[in-house]
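Read through the structure below, which is laid out as structure tokens, and then see the notes.
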Amino acid sequence: MLLHFFKQNFINPLLELLYDSKAIGILLLGCTLISLVISNIENTDWYTFIWHLEFPVLTKYKLPHNMHLWINDGLMTLFFFLAGMEIKREIKIGELSSVKKSILPISAALGGMIVPALLFHLLNRGSLFSSGWGIPMATDIAFSLGIASLLGKRVPVSAKVFLTALAIIDDLGAILVIAFFYGREMELTYLLCSLGIVFIIFMLNKIIPFGWIQCLLGLALWFCMYNSGIHATLAGILLACLVPTKQLSRYEQKMHSIVHFFILPLFALANTAIVFPQQGFQTLNSRLSWGIIIGLFIGKPAGIILTCWCLVKMKWAMLPYKVNWSILTGIGILAGIGFTMSIFISTLAFSNNTVQNAAKMAVLIASFLSMVIGYAWIVMTNKKALKSGIV
């Protein structure tokens, strides 16, 4: 009796919370606000200091040498491992498993990556910030779906599925951009070792079920990838590709809570420890900031909507069930919430800490605008539809 009461009143609600996209979005937002507030209170230099405290001994072993690097190069590999499994599942059995299902979200995701990158390039061509073109390309799955979930029945299930598929393809695009454009100089020996480990895991899968041996080899893969010049997080994607389809659900469930309720909040705390400059508005009034803000807030929805409009007009695709152009516009605006991946790329695109902080601030502003305007747009268009008797 007591066990049943405890399960009904504590365990079940906790499990629901752990898989609630609203809770994930709110937690990330809370961690960001906490980090920004602490960073800008007087005499809190310790907060930014702890993330970058050096451990020189680790350099001898060719490992990340401070906590910030361990989070971004180490723990975020598990985020990419989860993202990779989600991509594989969608391709194998989900919304990307056939041409008919996938043409609209794939094309929309491509449009939503190309247009922001072009806008950023046009604004920053020939400047010191030109390498940041990848920053406004990304959509944050957790935040965008969290806001969509807060809207409840105003957003049809088919629209949320479309946004999920779009964000997953977006993640894949960001991963490829990181791998090919934001790596270091290649170390051939470590790269060959990485390929060798991938081959060993592939062959092992034919002999024994995917388990702890493959995961240990995954750690070795991460070490080799970290030292190869290609970003270490790609190890998470490669390992995810090697997880058998029938085991994807099991490993996704294992990783879900760890990633969303530990790694991503920690990432937010470490990467938004931004000290606002005294000349805040002047700092933001730069080609870098405008390129990111315009790219995410305007370029992202424009690329998604224009691509969808062209495909529907040419009758190559149809809008998802119960989704009209107003809802699609709202979804496009919500896709401008960059956050995790955009901030991550900011740390790779620039080595100068001041420039990184300016880029991160621009990402936060663009994401906040996309969050608020996207939410308001869907609420307002739903009210108009109700008054006119459309819904």
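To be explicit about the labels: the chains of the structure tokens are called A, B, and onward in the order shown, and within each one the residues are counted from 1, while ligands get numbers from 1 in the order they are shown.
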Check your understanding: Within 7 Å of range 159-168 of chain A, counting only C-alpha atoms, which residues qualify if same-chain residues fewer than 4 places away don't, as a list in words?
Key -> Ile87, Glu95, Pro105, Ile106, Ala108, Ala109, Thr139, Ile141, Ala148, Val155, Leu172, Pro320, Val323 and Ile331 of chain A
Requested write-out: N, CA and C atoms of the selected residues, as a JSON list (two decimals), in the first residue's frame:
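Output saved as selection-v9.json:
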[["chain", "number", "residue", "atom", "x", "y", "z"],
["A", 87, "ILE", "N", 18.80, 10.89, -34.67],
["A", 87, "ILE", "CA", 18.88, 11.02, -36.13],
["A", 87, "ILE", "C", 18.74, 9.64, -36.78],
["A", 95, "GLU", "N", 10.19, 9.88, -38.99],
["A", 95, "GLU", "CA", 9.70, 10.85, -39.98],
["A", 95, "GLU", "C", 10.63, 11.04, -41.16],
["A", 105, "PRO", "N", 10.58, 18.29, -44.18],
["A", 105, "PRO", "CA", 11.48, 18.70, -43.09],
["A", 105, "PRO", "C", 12.95, 18.81, -43.48],
["A", 106, "ILE", "N", 13.41, 17.91, -44.39],
["A", 106, "ILE", "CA", 14.82, 17.99, -44.82],
["A", 106, "ILE", "C", 15.07, 19.27, -45.60],
["A", 108, "ALA", "N", 13.22, 22.01, -45.59],
["A", 108, "ALA", "CA", 13.02, 23.16, -44.70],
["A", 108, "ALA", "C", 14.26, 23.39, -43.82],
["A", 109, "ALA", "N", 14.84, 22.29, -43.32],
["A", 109, "ALA", "CA", 16.05, 22.41, -42.49],
["A", 109, "ALA", "C", 17.21, 22.98, -43.30],
["A", 139, "THR", "N", 19.36, 25.08, -34.67],
["A", 139, "THR", "CA", 18.11, 25.13, -33.89],
["A", 139, "THR", "C", 18.28, 24.27, -32.65],
["A", 141, "ILE", "N", 16.84, 21.87, -30.12],
["A", 141, "ILE", "CA", 15.68, 20.98, -30.04],
["A", 141, "ILE", "C", 14.95, 21.15, -28.71],
["A", 148, "ALA", "N", 7.08, 24.96, -27.81],
["A", 148, "ALA", "CA", 5.94, 24.38, -28.55],
["A", 148, "ALA", "C", 5.03, 23.60, -27.60],
["A", 155, "VAL", "N", -0.68, 24.16, -30.94],
["A", 155, "VAL", "CA", 0.25, 23.61, -31.94],
["A", 155, "VAL", "C", -0.13, 22.15, -32.18],
["A", 172, "LEU", "N", 22.18, 17.51, -37.53],
["A", 172, "LEU", "CA", 23.10, 16.78, -38.41],
["A", 172, "LEU", "C", 23.93, 17.76, -39.23],
["A", 320, "PRO", "N", 2.07, 19.53, -43.25],
["A", 320, "PRO", "CA", 1.61, 18.50, -42.33],
["A", 320, "PRO", "C", 0.13, 18.66, -41.98],
["A", 323, "VAL", "N", -1.81, 21.69, -40.22],
["A", 323, "VAL", "CA", -0.87, 22.82, -40.17],
["A", 323, "VAL", "C", -1.15, 23.77, -41.32],
["A", 331, "ILE", "N", 6.18, 28.11, -36.21],
["A", 331, "ILE", "CA", 7.18, 27.05, -36.05],
["A", 331, "ILE", "C", 8.53, 27.52, -36.58]]
Practice item. Fewer than 4 positions away in the same chain doesn't count, so skip those; otherwise give me all residues within 9 Å of Leu328 in chain A, counting only C-alpha atoms, as an MDAnalysis selection string. Key: chainID A and resid 159 304:305 308 319 323:324 332:333
Check your understanding: What's the 10 Å shell around range 112-120 of chain A, counting only C-alpha atoms, without same-chain residues fewer than 2 positions away, as a ChimeraX atom specification?
Key -> /A:106-110,122-125,129-139,166-167,169-170,173-174,287-307,332,335-336
Residues near range 368-383 of chain A, anyone? I mean within 7 Å using only C-alpha atoms, not counting same-chain ones fewer than 2 positions away, as an mmCIF file with N, CA and C atoms, in the first residue's frame.
data_model
loop_
_atom_site.group_PDB
_atom_site.id
_atom_site.type_symbol
_atom_site.label_atom_id
_atom_site.label_comp_id
_atom_site.auth_asym_id
_atom_site.auth_seq_id
_atom_site.Cartn_x
_atom_site.Cartn_y
_atom_site.Cartn_z
ATOM 1 N N ARG A 154 -2.644 24.488 -29.126
ATOM 2 C CA ARG A 154 -2.543 25.511 -30.176
ATOM 3 C C ARG A 154 -1.608 25.057 -31.292
ATOM 4 N N PHE A 297 16.982 35.139 -36.047
ATOM 5 C CA PHE A 297 15.620 35.635 -35.844
ATOM 6 C C PHE A 297 14.859 35.877 -37.146
ATOM 7 N N SER A 326 0.049 30.015 -41.105
ATOM 8 C CA SER A 326 0.254 30.798 -39.873
ATOM 9 C C SER A 326 1.008 29.973 -38.832
ATOM 10 N N ILE A 327 0.573 28.713 -38.658
ATOM 11 C CA ILE A 327 1.254 27.833 -37.693
ATOM 12 C C ILE A 327 2.677 27.548 -38.152
ATOM 13 N N GLY A 330 4.874 30.364 -37.276
ATOM 14 C CA GLY A 330 5.218 30.306 -35.850
ATOM 15 C C GLY A 330 6.290 29.268 -35.558
ATOM 16 N N ILE A 333 9.607 30.601 -36.698
ATOM 17 C CA ILE A 333 10.175 31.568 -35.742
ATOM 18 C C ILE A 333 10.784 30.835 -34.549
ATOM 19 N N LEU A 334 10.084 29.821 -34.032
ATOM 20 C CA LEU A 334 10.609 29.044 -32.899
ATOM 21 C C LEU A 334 11.915 28.330 -33.266
ATOM 22 N N GLY A 336 14.240 29.566 -34.723
ATOM 23 C CA GLY A 336 15.323 30.535 -34.550
ATOM 24 C C GLY A 336 15.930 30.518 -33.161
ATOM 25 N N ILE A 337 15.414 29.647 -32.281
ATOM 26 C CA ILE A 337 16.022 29.487 -30.949
ATOM 27 C C ILE A 337 17.280 28.633 -31.133
ATOM 28 N N LEU A 364 21.897 34.632 -27.390
ATOM 29 C CA LEU A 364 20.874 34.704 -26.337
ATOM 30 C C LEU A 364 19.764 35.685 -26.708
ATOM 31 N N ILE A 365 20.137 36.835 -27.260
ATOM 32 C CA ILE A 365 19.138 37.832 -27.656
ATOM 33 C C ILE A 365 18.260 37.299 -28.784
ATOM 34 N N ALA A 366 18.904 36.713 -29.810
ATOM 35 C CA ALA A 366 18.148 36.164 -30.946
ATOM 36 C C ALA A 366 17.231 35.031 -30.498
ATOM 37 N N ALA A 385 -8.060 32.874 -35.577
ATOM 38 C CA ALA A 385 -8.717 31.741 -36.235
ATOM 39 C C ALA A 385 -10.002 31.360 -35.498
ATOM 40 N N LEU A 386 -9.969 31.413 -34.160
ATOM 41 C CA LEU A 386 -11.166 31.094 -33.358
ATOM 42 C C LEU A 386 -12.269 32.103 -33.594
ATOM 43 N N LYS A 387 -11.900 33.392 -33.647
ATOM 44 C CA LYS A 387 -12.901 34.452 -33.858
ATOM 45 C C LYS A 387 -13.543 34.362 -35.237
#
What are the closest atom pairs, with distances in Å to one decimal, for each residue of range 310-374 of chain A lying within 9 Å of range 273-277 of chain A, using only C-alpha atoms, rows by chain and rising residue number, as a Markdown table?
| residue | atom | partner | partner_atom | distance |
| --- | --- | --- | --- | --- |
| A:Asn357 | CA | A:Ile274 | CA | 6.0 |
| A:Ala358 | CA | A:Ile274 | CA | 8.7 |
| A:Lys360 | CA | A:Ile274 | CA | 8.1 |
| A:Met361 | CA | A:Ile274 | CA | 7.8 |
With a distance cut-off of 12 Å and only C-alpha atoms, select the neighbouring residues of range 247-252 of chain A, excluding the residue or stretch itself and same-chain residues fewer than 5 positions from it, and output the selection as an mmCIF file with N, CA and C atoms, in the first residue's frame.
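Final output, saved to part-v5.cif:
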data_model
loop_
_atom_site.group_PDB
_atom_site.id
_atom_site.type_symbol
_atom_site.label_atom_id
_atom_site.label_comp_id
_atom_site.auth_asym_id
_atom_site.auth_seq_id
_atom_site.Cartn_x
_atom_site.Cartn_y
_atom_site.Cartn_z
ATOM 1 N N TYR A 19 10.718 13.405 -18.689
ATOM 2 C CA TYR A 19 10.486 13.289 -20.130
ATOM 3 C C TYR A 19 9.597 14.404 -20.673
ATOM 4 N N LEU A 78 28.428 13.098 -25.161
ATOM 5 C CA LEU A 78 27.241 12.300 -24.824
ATOM 6 C C LEU A 78 25.971 12.942 -25.377
ATOM 7 N N PHE A 79 25.947 14.285 -25.405
ATOM 8 C CA PHE A 79 24.821 14.983 -26.048
ATOM 9 C C PHE A 79 24.755 14.608 -27.528
ATOM 10 N N PHE A 80 25.919 14.591 -28.185
ATOM 11 C CA PHE A 80 25.955 14.244 -29.603
ATOM 12 C C PHE A 80 25.664 12.754 -29.817
ATOM 13 N N PHE A 81 26.021 11.935 -28.854
ATOM 14 C CA PHE A 81 25.683 10.513 -28.914
ATOM 15 C C PHE A 81 24.164 10.343 -28.927
ATOM 16 N N LEU A 82 23.469 11.072 -28.036
ATOM 17 C CA LEU A 82 22.003 11.023 -28.007
ATOM 18 C C LEU A 82 21.419 11.598 -29.289
ATOM 19 N N ALA A 83 21.948 12.742 -29.743
ATOM 20 C CA ALA A 83 21.463 13.364 -30.978
ATOM 21 C C ALA A 83 21.655 12.421 -32.166
ATOM 22 N N GLY A 84 22.795 11.736 -32.190
ATOM 23 C CA GLY A 84 23.073 10.794 -33.273
ATOM 24 C C GLY A 84 22.096 9.631 -33.296
ATOM 25 N N MET A 85 21.739 9.127 -32.115
ATOM 26 C CA MET A 85 20.761 8.028 -32.045
ATOM 27 C C MET A 85 19.386 8.501 -32.492
ATOM 28 N N GLU A 86 19.025 9.747 -32.142
ATOM 29 C CA GLU A 86 17.733 10.297 -32.573
ATOM 30 C C GLU A 86 17.685 10.440 -34.090
ATOM 31 N N ILE A 87 18.801 10.888 -34.669
ATOM 32 C CA ILE A 87 18.883 11.015 -36.127
ATOM 33 C C ILE A 87 18.737 9.638 -36.781
ATOM 34 N N LYS A 88 19.468 8.649 -36.258
ATOM 35 C CA LYS A 88 19.420 7.295 -36.827
ATOM 36 C C LYS A 88 18.016 6.710 -36.726
ATOM 37 N N ARG A 89 17.368 6.894 -35.568
ATOM 38 C CA ARG A 89 16.013 6.353 -35.397
ATOM 39 C C ARG A 89 15.039 6.979 -36.395
ATOM 40 N N GLU A 90 15.131 8.306 -36.556
ATOM 41 C CA GLU A 90 14.225 8.981 -37.492
ATOM 42 C C GLU A 90 14.453 8.519 -38.923
ATOM 43 N N LYS A 92 15.717 5.545 -39.812
ATOM 44 C CA LYS A 92 15.368 4.125 -39.944
ATOM 45 C C LYS A 92 13.864 3.873 -39.869
ATOM 46 N N ILE A 93 13.200 4.466 -38.860
ATOM 47 C CA ILE A 93 11.787 4.114 -38.630
ATOM 48 C C ILE A 93 10.879 5.318 -38.381
ATOM 49 N N ASN A 205 30.017 -5.895 -33.268
ATOM 50 C CA ASN A 205 28.546 -5.934 -33.286
ATOM 51 C C ASN A 205 28.014 -7.186 -33.967
ATOM 52 N N PRO A 209 26.328 -8.658 -28.659
ATOM 53 C CA PRO A 209 25.412 -7.513 -28.605
ATOM 54 C C PRO A 209 26.154 -6.235 -28.204
ATOM 55 N N PHE A 210 25.645 -5.111 -28.684
ATOM 56 C CA PHE A 210 26.239 -3.814 -28.337
ATOM 57 C C PHE A 210 26.102 -3.612 -26.827
ATOM 58 N N GLY A 211 27.237 -3.373 -26.146
ATOM 59 C CA GLY A 211 27.212 -3.237 -24.684
ATOM 60 C C GLY A 211 28.429 -2.521 -24.150
ATOM 61 N N TRP A 212 28.876 -2.922 -22.952
ATOM 62 C CA TRP A 212 29.933 -2.181 -22.265
ATOM 63 C C TRP A 212 31.278 -2.238 -22.979
ATOM 64 N N CYS A 215 31.163 0.391 -25.534
ATOM 65 C CA CYS A 215 31.185 1.703 -24.870
ATOM 66 C C CYS A 215 32.603 2.068 -24.422
ATOM 67 N N LEU A 239 29.723 6.733 -32.714
ATOM 68 C CA LEU A 239 29.294 5.632 -31.849
ATOM 69 C C LEU A 239 27.788 5.409 -31.971
ATOM 70 N N ALA A 240 27.026 6.500 -32.079
ATOM 71 C CA ALA A 240 25.564 6.390 -32.233
ATOM 72 C C ALA A 240 25.202 5.640 -33.512
ATOM 73 N N CYS A 241 25.952 5.890 -34.579
ATOM 74 C CA CYS A 241 25.702 5.195 -35.854
ATOM 75 C C CYS A 241 25.923 3.691 -35.732
ATOM 76 N N LEU A 242 26.754 3.286 -34.763
ATOM 77 C CA LEU A 242 27.087 1.867 -34.585
ATOM 78 C C LEU A 242 26.130 1.139 -33.634
ATOM 79 N N SER A 257 17.836 11.429 -19.565
ATOM 80 C CA SER A 257 17.872 12.217 -18.326
ATOM 81 C C SER A 257 19.265 12.752 -18.031
ATOM 82 N N ILE A 258 20.295 11.935 -18.292
ATOM 83 C CA ILE A 258 21.681 12.374 -18.047
ATOM 84 C C ILE A 258 22.005 13.600 -18.897
ATOM 85 N N VAL A 259 21.626 13.534 -20.162
ATOM 86 C CA VAL A 259 21.938 14.634 -21.085
ATOM 87 C C VAL A 259 21.115 15.875 -20.764
ATOM 88 N N HIS A 260 19.791 15.706 -20.644
ATOM 89 C CA HIS A 260 18.907 16.876 -20.524
ATOM 90 C C HIS A 260 18.855 17.477 -19.122
#
Review point. So what do you get for CA of Gly146 in chain A versus CA of Thr340 in chain A, distance-wise?
Key: 13.5 Å
Check your understanding: Using only C-alpha atoms, which residue out of A:Asp45, A:Glu54, A:Asp73, A:Asp140 lies closest to Leu348 in chain A?
Key -> A:Asp73
Practice item. Would you work out the distance separating CA of His256 in chain A from CA of Ala270 in chain A, expressed in Å to one decimal? Key: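 It comes out at 20.2 Å.
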